[in-house]
$ cat entry_23.cif   # mmCIF, C-alpha atoms
data_input
#
loop_
_atom_site.label_atom_id
_atom_site.label_comp_id
_atom_site.auth_asym_id
_atom_site.auth_seq_id
_atom_site.Cartn_x
_atom_site.Cartn_y
_atom_site.Cartn_z
CA MET A 27 25.89 -15.07 24.99
CA GLY A 28 22.81 -13.32 26.41
CA LEU A 29 24.57 -9.94 26.34
CA PHE A 30 25.76 -10.48 22.77
CA LEU A 31 22.22 -11.35 21.64
CA LEU A 32 20.80 -8.22 23.25
CA TRP A 33 23.41 -6.05 21.54
CA LEU A 34 22.70 -7.82 18.24
CA LEU A 35 18.96 -7.20 18.50
CA PHE A 36 19.53 -3.60 19.54
CA GLY A 37 22.05 -3.00 16.77
CA ILE A 38 19.81 -4.39 14.02
CA GLY A 39 16.94 -2.30 15.37
CA ILE A 40 19.07 0.87 15.37
CA LEU A 41 20.29 0.31 11.82
CA VAL A 42 16.93 -0.48 10.19
CA GLN A 43 15.02 2.11 12.21
CA GLY A 44 17.58 4.71 11.20
CA VAL A 45 16.96 3.97 7.53
CA TYR A 46 13.17 4.20 7.95
CA LEU A 47 13.13 7.30 10.13
CA ILE A 48 15.82 9.36 8.39
CA VAL A 49 15.88 8.16 4.78
CA ILE A 50 12.30 7.00 4.14
CA PHE A 51 10.06 8.97 6.53
CA GLY A 52 12.39 11.95 6.32
CA ARG A 53 11.42 12.30 2.65
CA THR A 54 7.95 13.37 3.83
CA ALA A 55 8.84 15.10 7.11
CA TRP A 56 11.50 17.33 5.58
CA LEU A 57 9.92 17.77 2.17
CA LYS A 58 10.93 21.18 0.81
CA SER A 59 8.00 21.51 -1.55
CA SER A 60 4.96 19.56 -2.67
CA PHE A 61 3.04 19.62 -5.94
CA LYS A 62 1.85 23.10 -6.85
CA SER A 63 -0.80 23.69 -9.48
CA LYS A 64 0.60 25.40 -12.56
CA SER A 65 -2.63 25.54 -14.49
CA THR A 66 -3.86 28.76 -16.06
CA GLU A 67 -6.68 27.04 -17.95
CA GLN A 68 -9.83 29.05 -18.43
CA ASN A 69 -11.82 25.83 -18.83
CA PRO A 70 -10.22 23.16 -16.59
CA GLU A 71 -11.28 19.53 -16.65
CA GLY A 72 -14.44 18.63 -14.75
CA VAL A 73 -14.35 16.76 -11.43
CA THR A 74 -16.95 14.59 -9.69
CA VAL A 75 -16.72 14.46 -5.90
CA LEU A 76 -18.04 11.06 -4.82
CA VAL A 77 -19.37 10.14 -1.38
CA ALA A 78 -20.74 6.72 -0.45
CA ALA A 79 -23.00 7.21 2.57
CA HIS A 80 -24.83 4.73 4.79
CA ASN A 81 -27.00 6.40 7.46
CA GLU A 82 -24.94 9.60 7.35
CA PHE A 83 -27.83 12.08 7.69
CA GLN A 84 -26.21 14.21 10.39
CA ASN A 85 -22.81 14.29 8.68
CA LEU A 86 -24.17 15.00 5.20
CA LYS A 87 -26.04 18.05 6.54
CA ILE A 88 -22.63 19.53 7.29
CA LEU A 89 -20.59 18.09 4.42
CA ILE A 90 -22.75 18.93 1.40
CA PRO A 91 -22.85 22.74 1.96
CA LYS A 92 -19.08 22.67 2.58
CA LEU A 93 -18.50 20.88 -0.72
CA PHE A 94 -20.29 23.64 -2.59
CA GLU A 95 -17.96 26.26 -1.13
CA GLN A 96 -15.08 24.92 -3.24
CA ASP A 97 -13.16 27.39 -5.40
CA TYR A 98 -13.16 25.30 -8.56
CA PRO A 99 -15.17 26.24 -11.67
CA LYS A 100 -16.28 22.86 -12.96
CA TYR A 101 -17.39 20.11 -10.59
CA ASP A 102 -20.40 18.24 -9.32
CA VAL A 103 -21.10 16.12 -6.26
CA MET A 104 -22.46 12.56 -6.36
CA VAL A 105 -23.76 11.04 -3.12
CA VAL A 106 -24.50 7.31 -3.18
CA ASN A 107 -27.24 6.61 -0.65
CA ASP A 108 -26.27 3.09 0.38
CA ARG A 109 -29.28 1.35 1.97
CA SER A 110 -29.79 4.16 4.49
CA THR A 111 -32.65 3.81 6.94
CA ASP A 112 -32.38 7.30 8.43
CA ARG A 113 -33.47 10.58 6.79
CA THR A 114 -30.67 10.59 4.22
CA LYS A 115 -32.96 10.25 1.18
CA ARG A 116 -35.17 13.17 2.20
CA LEU A 117 -32.13 15.31 2.99
CA LEU A 118 -30.65 14.63 -0.44
CA GLU A 119 -33.91 15.59 -2.14
CA GLU A 120 -33.95 18.89 -0.23
CA MET A 121 -30.27 19.54 -0.92
CA MET A 122 -30.60 18.78 -4.65
CA ALA A 123 -33.30 21.47 -4.90
CA LYS A 124 -30.86 23.92 -3.32
CA TYR A 125 -27.65 22.80 -5.09
CA PRO A 126 -28.18 22.05 -8.82
CA ARG A 127 -24.78 20.33 -9.10
CA LEU A 128 -25.67 17.76 -6.44
CA ARG A 129 -26.78 14.36 -7.71
CA SER A 130 -27.60 11.12 -5.92
CA VAL A 131 -28.20 7.48 -6.62
CA THR A 132 -29.76 5.01 -4.20
CA VAL A 133 -28.63 1.47 -3.46
CA LYS A 134 -31.60 -0.53 -2.19
CA TYR A 135 -29.80 -3.85 -1.80
CA THR A 136 -26.33 -5.32 -2.31
CA PRO A 137 -25.86 -8.47 -4.45
CA GLY A 138 -24.68 -11.44 -2.43
CA HIS A 139 -21.34 -11.89 -4.23
CA VAL A 140 -20.04 -8.35 -3.56
CA THR A 141 -19.45 -6.17 -0.52
CA SER A 142 -21.58 -3.14 0.17
CA LYS A 143 -19.19 -0.20 -0.05
CA LYS A 144 -17.48 -1.44 -3.21
CA PHE A 145 -20.88 -1.91 -4.85
CA ALA A 146 -21.97 1.59 -3.81
CA LEU A 147 -18.75 3.19 -5.05
CA THR A 148 -18.87 1.31 -8.35
CA LEU A 149 -22.44 2.39 -8.99
CA GLY A 150 -21.56 6.01 -8.22
CA ILE A 151 -18.48 5.97 -10.44
CA LYS A 152 -20.40 4.41 -13.34
CA VAL A 153 -22.94 7.24 -13.39
CA ALA A 154 -20.44 10.03 -12.63
CA LYS A 155 -20.43 12.84 -15.20
CA ASN A 156 -16.69 13.50 -15.12
CA ASP A 157 -13.62 11.36 -15.64
CA VAL A 158 -11.75 12.75 -12.63
CA ILE A 159 -13.19 11.18 -9.47
CA LEU A 160 -12.37 12.66 -6.05
CA LEU A 161 -13.48 10.47 -3.17
CA THR A 162 -14.20 11.29 0.45
CA ASP A 163 -16.45 9.96 3.24
CA GLY A 164 -19.64 11.34 4.72
CA ASP A 165 -17.99 12.25 8.02
CA CYS A 166 -15.13 14.18 6.37
CA ILE A 167 -14.77 17.92 5.82
CA PRO A 168 -12.37 19.54 3.31
CA SER A 169 -9.84 21.77 5.02
CA SER A 170 -10.17 24.64 2.54
CA ASP A 171 -11.93 25.82 -0.60
CA GLN A 172 -8.82 24.75 -2.54
CA TRP A 173 -9.30 21.04 -1.81
CA ILE A 174 -10.66 20.03 -5.23
CA ARG A 175 -8.17 22.14 -7.15
CA LYS A 176 -5.12 20.84 -5.28
CA MET A 177 -6.12 17.20 -4.89
CA THR A 178 -6.93 16.78 -8.56
CA ALA A 179 -4.01 18.81 -9.96
CA PRO A 180 -1.59 15.86 -10.46
CA ILE A 181 -4.23 14.06 -12.53
CA ARG A 182 -5.48 17.06 -14.51
CA GLU A 183 -2.10 18.70 -15.08
CA GLU A 184 0.54 15.96 -14.94
CA GLY A 185 -1.33 13.06 -16.49
CA LYS A 186 -1.29 10.91 -13.35
CA THR A 187 -3.87 8.19 -12.73
CA PHE A 188 -3.88 8.39 -8.92
CA ALA A 189 -3.49 11.27 -6.47
CA LEU A 190 -2.99 10.38 -2.79
CA GLY A 191 -3.96 12.90 -0.11
CA PHE A 192 -3.99 13.18 3.66
CA SER A 193 -7.05 12.75 5.85
CA GLY A 194 -6.65 13.54 9.53
CA TYR A 195 -8.99 13.49 12.49
CA GLN A 196 -10.40 16.21 14.72
CA GLU A 197 -8.35 16.81 17.85
CA LYS A 198 -10.15 16.05 21.09
CA PRO A 199 -9.01 15.51 24.68
CA GLY A 200 -7.95 12.07 25.85
CA MET A 201 -5.48 9.26 25.31
CA LEU A 202 -7.49 7.62 22.52
CA ASN A 203 -7.49 10.75 20.39
CA ARG A 204 -3.74 11.26 20.89
CA TRP A 205 -3.19 7.68 19.74
CA ILE A 206 -5.46 8.24 16.70
CA GLN A 207 -3.42 11.33 15.77
CA PHE A 208 -0.19 9.32 16.06
CA GLU A 209 -1.39 6.27 14.15
CA THR A 210 -2.91 8.39 11.37
CA LEU A 211 0.36 10.28 10.92
CA LEU A 212 2.38 7.06 10.95
CA THR A 213 0.16 5.60 8.23
CA ALA A 214 0.58 8.79 6.19
CA LEU A 215 4.36 8.65 6.65
CA PHE A 216 4.31 5.15 5.16
CA TYR A 217 2.22 5.81 2.07
CA PHE A 218 3.47 9.34 1.37
CA SER A 219 7.14 8.47 1.86
CA PHE A 220 7.13 5.34 -0.28
CA GLY A 221 5.06 7.23 -2.84
CA LEU A 222 7.69 9.98 -2.96
CA TRP A 223 10.31 7.26 -3.42
CA ARG A 224 8.25 6.11 -6.45
CA ALA A 225 7.02 2.95 -4.74
CA PRO A 226 3.38 3.74 -3.76
CA PHE A 227 1.47 0.95 -2.08
CA MET A 228 -1.67 2.38 -0.46
CA GLY A 229 -3.94 5.38 -0.02
CA VAL A 230 -6.98 6.32 2.06
CA GLY A 231 -10.47 6.57 0.62
CA ARG A 232 -11.24 9.63 2.72
CA ASN A 233 -9.05 11.66 0.35
CA LEU A 234 -8.25 9.83 -2.86
CA CYS A 235 -8.47 10.76 -6.54
CA TYR A 236 -8.32 8.68 -9.71
CA ARG A 237 -9.72 8.51 -13.21
CA LYS A 238 -13.07 6.89 -13.93
CA SER A 239 -11.81 5.59 -17.29
CA PHE A 240 -8.97 3.71 -15.60
CA PHE A 241 -11.32 2.34 -12.95
CA MET A 242 -13.61 0.97 -15.67
CA ASP A 243 -10.75 -0.35 -17.82
CA VAL A 244 -9.39 -2.53 -15.00
CA LYS A 245 -12.90 -3.74 -14.18
CA ALA A 246 -13.19 -1.91 -10.90
CA PHE A 247 -12.47 -4.05 -7.85
CA LYS A 248 -11.88 -7.27 -9.76
CA GLY A 249 -10.13 -9.80 -7.53
CA PHE A 250 -11.26 -8.38 -4.19
CA TRP A 251 -15.01 -7.84 -4.54
CA HIS A 252 -15.53 -10.28 -1.68
CA LEU A 253 -13.35 -8.37 0.80
CA GLU A 254 -15.10 -5.87 3.06
CA GLY A 255 -12.19 -3.42 3.05
CA GLY A 256 -9.73 -2.47 0.36
CA ASP A 257 -11.84 -0.18 -1.82
CA ASP A 258 -9.03 2.34 -1.31
CA ASP A 259 -5.75 0.77 -0.19
CA LEU A 260 -6.06 -2.49 -2.14
CA PHE A 261 -7.13 -0.66 -5.29
CA VAL A 262 -4.08 1.60 -5.01
CA ASN A 263 -1.86 -1.34 -4.02
CA THR A 264 -2.88 -3.27 -7.12
CA TYR A 265 -2.57 -0.54 -9.74
CA ALA A 266 -0.49 2.40 -8.47
CA THR A 267 3.08 2.79 -9.74
CA GLY A 268 5.83 5.33 -9.39
CA ASN A 269 4.92 6.74 -12.79
CA ASN A 270 1.14 7.00 -12.51
CA THR A 271 0.76 8.28 -8.94
CA GLY A 272 0.95 11.82 -7.57
CA ILE A 273 1.46 12.71 -3.90
CA VAL A 274 -0.38 15.78 -2.56
CA ILE A 275 1.08 17.07 0.71
CA ASP A 276 -0.57 20.39 1.45
CA PRO A 277 -2.67 21.48 4.47
CA GLU A 278 -5.22 22.98 2.08
CA ALA A 279 -5.64 19.63 0.30
CA ARG A 280 -6.47 17.55 3.37
CA THR A 281 -9.77 16.40 4.80
CA THR A 282 -10.66 16.06 8.47
CA SER A 283 -12.79 13.21 9.84
CA ILE A 284 -14.71 12.63 13.04
CA PRO A 285 -12.64 10.33 15.29
CA LYS A 286 -13.99 7.39 17.22
CA GLU A 287 -14.64 8.22 20.86
CA THR A 288 -14.44 4.77 22.43
CA TRP A 289 -11.71 2.16 22.21
CA LYS A 290 -14.27 -0.45 21.16
CA GLU A 291 -15.44 1.56 18.14
CA TYR A 292 -11.87 2.37 17.20
CA LEU A 293 -10.67 -1.24 17.40
CA VAL A 294 -13.55 -2.42 15.20
CA GLN A 295 -12.60 0.21 12.61
CA LYS A 296 -8.88 -0.60 12.71
CA LYS A 297 -9.51 -4.33 12.53
CA ARG A 298 -11.19 -3.72 9.18
CA HIS A 299 -8.34 -1.51 7.97
CA LEU A 300 -5.59 -3.90 9.07
CA HIS A 301 -7.40 -6.94 7.68
CA ALA A 302 -7.00 -5.58 4.14
CA GLY A 303 -3.23 -5.47 4.63
CA LYS A 304 -2.95 -9.27 4.38
CA TYR A 305 -3.86 -8.96 0.70
CA TYR A 306 -1.13 -6.45 -0.20
CA ARG A 307 1.59 -7.47 -2.62
CA GLY A 308 4.39 -9.39 -0.92
CA GLU A 309 6.98 -6.65 -1.26
CA ASP A 310 4.56 -4.11 0.21
CA LYS A 311 3.78 -6.27 3.22
CA GLN A 312 7.53 -6.49 3.75
CA LYS A 313 7.81 -2.69 3.91
CA ILE A 314 5.52 -2.58 6.93
CA ALA A 315 6.80 -5.83 8.46
CA LEU A 316 10.45 -4.74 8.32
CA TYR A 317 9.67 -1.48 10.09
CA SER A 318 7.59 -3.21 12.75
CA LEU A 319 10.12 -6.01 13.30
CA SER A 320 13.06 -3.61 13.62
CA HIS A 321 10.94 -1.46 15.94
CA ALA A 322 10.35 -4.48 18.18
CA LEU A 323 14.03 -5.49 18.09
CA PHE A 324 15.06 -1.98 19.07
CA TRP A 325 12.80 -1.89 22.12
CA ILE A 326 13.38 -5.50 23.18
CA GLY A 327 17.15 -5.22 22.85
CA GLY A 328 17.31 -1.74 24.36
CA THR A 329 15.10 -2.57 27.34
CA GLY A 330 17.01 -5.80 27.94
CA LEU A 331 20.34 -3.95 27.93
CA LEU A 332 19.04 -1.32 30.35
CA PHE A 333 18.00 -4.04 32.80
CA TYR A 334 21.28 -5.93 32.33
CA PHE A 335 23.52 -2.91 32.90
CA GLY A 336 21.26 -1.45 35.58
CA LEU A 337 21.25 -4.63 37.65
CA GLY A 338 25.02 -4.96 37.17
CA ARG A 339 25.56 -1.30 38.09
CA GLN A 340 27.47 -0.73 34.85
CA TRP A 341 26.32 2.85 34.62
CA GLU A 342 28.54 3.93 31.72
CA HIS A 343 27.05 1.29 29.45
CA PHE A 344 23.60 1.98 30.87
CA LEU A 345 23.88 5.66 29.94
CA VAL A 346 25.06 4.82 26.41
CA VAL A 347 22.01 2.66 25.76
CA LEU A 348 19.68 5.17 27.41
CA GLY A 349 21.21 7.95 25.32
CA ILE A 350 20.57 6.02 22.10
CA ILE A 351 16.95 5.39 23.11
CA LEU A 352 16.44 9.07 23.97
CA LEU A 353 18.10 10.12 20.72
CA ARG A 354 15.71 7.95 18.71
CA SER A 355 12.73 9.26 20.71
CA THR A 356 13.81 12.82 19.91
CA LEU A 357 14.08 11.90 16.23
CA VAL A 358 10.59 10.36 16.28
CA TRP A 359 9.21 13.50 17.94
CA SER A 360 10.90 15.72 15.35
CA ILE A 361 9.69 13.68 12.37
CA PHE A 362 6.10 13.49 13.59
CA ARG A 363 6.01 17.19 14.43
CA SER A 364 7.38 18.15 11.04
CA ALA A 365 5.09 15.73 9.18
CA SER A 366 2.10 17.12 11.06
CA VAL A 367 2.99 20.66 10.01
CA LYS A 368 3.49 19.57 6.39
CA THR A 369 0.18 17.73 6.18
CA GLN A 370 -2.04 19.72 8.55
CA GLY A 371 -0.42 23.11 8.93
CA ALA A 372 0.27 22.70 12.64
CA PRO A 373 1.66 20.08 15.06
CA THR A 374 -0.86 17.74 16.69
CA SER A 375 -0.88 16.47 20.27
CA SER A 376 0.09 12.93 19.32
CA ASN A 377 2.54 12.19 22.19
CA ALA A 378 4.72 10.58 19.54
CA PRO A 379 7.54 9.14 21.74
CA LEU A 380 5.10 7.51 24.17
CA ASN A 381 2.76 6.19 21.49
CA ASP A 382 5.76 4.90 19.56
CA LEU A 383 6.27 2.45 22.42
CA PHE A 384 2.55 1.57 22.49
CA TYR A 385 2.82 0.74 18.78
CA LEU A 386 4.49 -2.54 19.84
CA VAL A 387 1.24 -3.74 21.38
CA TYR A 388 -0.96 -2.25 18.67
CA PHE A 389 0.79 -3.82 15.71
CA TRP A 390 1.61 -7.26 17.03
CA VAL A 391 -1.64 -7.87 18.94
CA LEU A 392 -4.28 -6.11 16.84
CA GLY A 393 -2.44 -6.92 13.62
CA THR A 394 -2.50 -10.63 14.43
CA VAL A 395 -6.19 -10.54 15.42
CA SER A 396 -7.09 -8.59 12.25
CA HIS A 397 -5.15 -10.97 10.03
CA GLN A 398 -7.20 -13.92 11.33
CA ALA A 399 -10.57 -12.10 11.50
CA LYS A 400 -13.55 -13.31 9.49
CA ASP A 401 -16.24 -10.96 10.85
CA ILE A 402 -15.18 -7.77 9.01
CA LYS A 403 -18.00 -5.37 8.13
CA TRP A 404 -18.32 -1.82 6.74
CA LYS A 405 -21.65 -0.68 8.22
#
$ encode --input "entry_23.cif" --output "structure tokens"
Amino acid sequence: MGLFLLWLLFGIGILVQGVYLIVIFGRTAWLKSSFKSKSTEQNPEGVTVLVAAHNEFQNLKILIPKLFEQDYPKYDVMVVNDRSTDRTKRLLEEMMAKYPRLRSVTVKYTPGHVTSKKFALTLGIKVAKNDVILLTDGDCIPSSDQWIRKMTAPIREEGKTFALGFSGYQEKPGMLNRWIQFETLLTALFYFSFGLWRAPFMGVGRNLCYRKSFFMDVKAFKGFWHLEGGDDDLFVNTYATGNNTGIVIDPEARTTSIPKETWKEYLVQKKRHLHAGKYYRGEDKQKIALYSLSHALFWIGGTGLLFYFGLGRQWEHFLVVLGIILLRSTLVWSIFRSASVKTQGAPTSSNAPLNDLFYLVYFWVLGTVSHQAKDIKWK
């Protein structure tokens, strides 16, 4: 009975994981082509790049000049100074004298019934000059001067409401950074792949585009004002559909963020991100849960069978199970390598097969803690 149960768990894991890795994630990893701008307009639609910043003085010094290197004829930049106590305000005043298309608005306090980042974003969007809003964070840098053009193309040229892009992290030495590279790519595989299958369910605010008019029509973040996270993924989860959402997979359309350098900082950040997931639509929570459950069944069943056959010296069966595990690990490596090239232009040092095993601990432990957390904060 014990052997049968192990084979059952292993078999279910193999079947479901095969569907996710080959059919779903493969849609992104082996994508032949992504959206390419076809516009020849002499006067393209205007774009407002929006950044909500709280004590981001050092990062804004780098970001703002980079934003004004964009090869797009009609755009401005709006920085929302959200209750900053550093030199952000003075920096913005100096930068606005240098860059006429830079504008700013200051948040001095946040009303008690709303959360800070959503309030800052809403204020910035309300006063934005253009209907196409392209969002990023203060610690992000566009990968090329084509970022605005390519990220906004599905909205400007195809009539989409949302455009979902990739935002990676700088590569640095160490186990934490390799895990960050892996987890970021896995998240992108989820939202890009389901988006390509016309079932979008999330995006990341570090590289996200939508229309101001739509944002105002649906009354902004109605229904989740009180939640600290979700200004990006919950907004997309609530309103994105297969018809109104474009997927932008192009190394020139990505942004790159500064990664956390300690496990404590990283876990605080991820607890906020994972906490928002409990408010996803039921069918979207199932997409993640089914992958994670089948992933656990695969490793529990496979490891159990290896011990069973190893202790019983049944080496033929042992090698069959080991071969299946190694085959899946090779597939994971191939998918992550290909997805990294598609999204970032080059493979990252994510140690995908090893971190795939660590994902068991990450999802089931941190996911459970995040689901129950009540002390979630932005900054």
$ residues_around --input "entry_23.cif" --residues "Trp56 in chain A" --least-positions-apart "4" --cutoff "8 Å" --atoms "all atoms listed in the file" --output "list in words"
Gly52, Ile361, Ser364 and Ala365 of chain A
$ residues_around --input "entry_23.cif" --residues "Trp359 in chain A" --least-positions-apart "4" --cutoff "12 Å" --atoms "all atoms listed in the file" --output "MDAnalysis selection string"
chainID A and resid 47 55 208 211:212 352:355 363:366 373:382
$ resolve_selection --input "entry_23.cif" --expression "the PyMOL selection byres ((chain A and resi 325) around 9)" --output "VMD selection string"
chain A and resid 35 to 36 39 320 to 324 326 to 330 351 383 386
$ residues_around --input "entry_23.cif" --residues "range 334-336 of chain A" --least-positions-apart "3" --cutoff "10 Å" --atoms "all atoms listed in the file" --output "PyMOL selection string"
chain A and resi 28-29+32+328-331+339-345+347
$ closest_atom_pairs --input "entry_23.cif" --of "range 80-168 of chain A" --to "range 240-261 of chain A" --cutoff "8 Å" --atoms "all atoms listed in the file" --output "tab-separated table"
residue	atom	partner	partner_atom	distance
A:His139	CA	A:His252	CA	6.5
A:Val140	CA	A:Trp251	CA	5.1
A:Thr141	CA	A:Glu254	CA	5.6
A:Ser142	CA	A:Glu254	CA	7.6
A:Lys143	CA	A:Asp257	CA	7.6
A:Lys144	CA	A:Asp257	CA	5.9
A:Thr148	CA	A:Ala246	CA	7.0
A:Lys152	CA	A:Met242	CA	8.0
$ write_last_selection --input "entry_23.cif" --atoms "C-alpha atoms" --output "PDB file, in the coordinates of the input"
ATOM      1  CA  HIS A 139     -21.340 -11.890  -4.230  1.00  0.00           C
ATOM      2  CA  VAL A 140     -20.040  -8.350  -3.560  1.00  0.00           C
ATOM      3  CA  THR A 141     -19.450  -6.170  -0.520  1.00  0.00           C
ATOM      4  CA  SER A 142     -21.580  -3.140   0.170  1.00  0.00           C
ATOM      5  CA  LYS A 143     -19.190  -0.200  -0.050  1.00  0.00           C
ATOM      6  CA  LYS A 144     -17.480  -1.440  -3.210  1.00  0.00           C
ATOM      7  CA  THR A 148     -18.870   1.310  -8.350  1.00  0.00           C
ATOM      8  CA  LYS A 152     -20.400   4.410 -13.340  1.00  0.00           C
TER       9      LYS A 152
END
$ residues_around --input "entry_23.cif" --residues "Ser283 in chain A" --least-positions-apart "6" --cutoff "6 Å" --atoms "only C-alpha atoms" --output "list in words"
Asp165, Cys166 and Tyr195 of chain A
$ resolve_selection --input "entry_23.cif" --expression "the PyMOL selection byres ((chain A and resi 167-174) around 7)" --output "ChimeraX atom specification"
/A:89,95-98,165-166,175-178,278-283
$ write_last_selection --input "entry_23.cif" --atoms "C-alpha atoms" --output "short mmCIF file (atom, residue, chain, number, x, y, z; two decimals), in the frame of the given file"
data_model
loop_
_atom_site.label_atom_id
_atom_site.label_comp_id
_atom_site.auth_asym_id
_atom_site.auth_seq_id
_atom_site.Cartn_x
_atom_site.Cartn_y
_atom_site.Cartn_z
CA LEU A 89 -20.59 18.09 4.42
CA GLU A 95 -17.96 26.26 -1.13
CA GLN A 96 -15.08 24.92 -3.24
CA ASP A 97 -13.16 27.39 -5.40
CA TYR A 98 -13.16 25.30 -8.56
CA ASP A 165 -17.99 12.25 8.02
CA CYS A 166 -15.13 14.18 6.37
CA ARG A 175 -8.17 22.14 -7.15
CA LYS A 176 -5.12 20.84 -5.28
CA MET A 177 -6.12 17.20 -4.89
CA THR A 178 -6.93 16.78 -8.56
CA GLU A 278 -5.22 22.98 2.08
CA ALA A 279 -5.64 19.63 0.30
CA ARG A 280 -6.47 17.55 3.37
CA THR A 281 -9.77 16.40 4.80
CA THR A 282 -10.66 16.06 8.47
CA SER A 283 -12.79 13.21 9.84
#
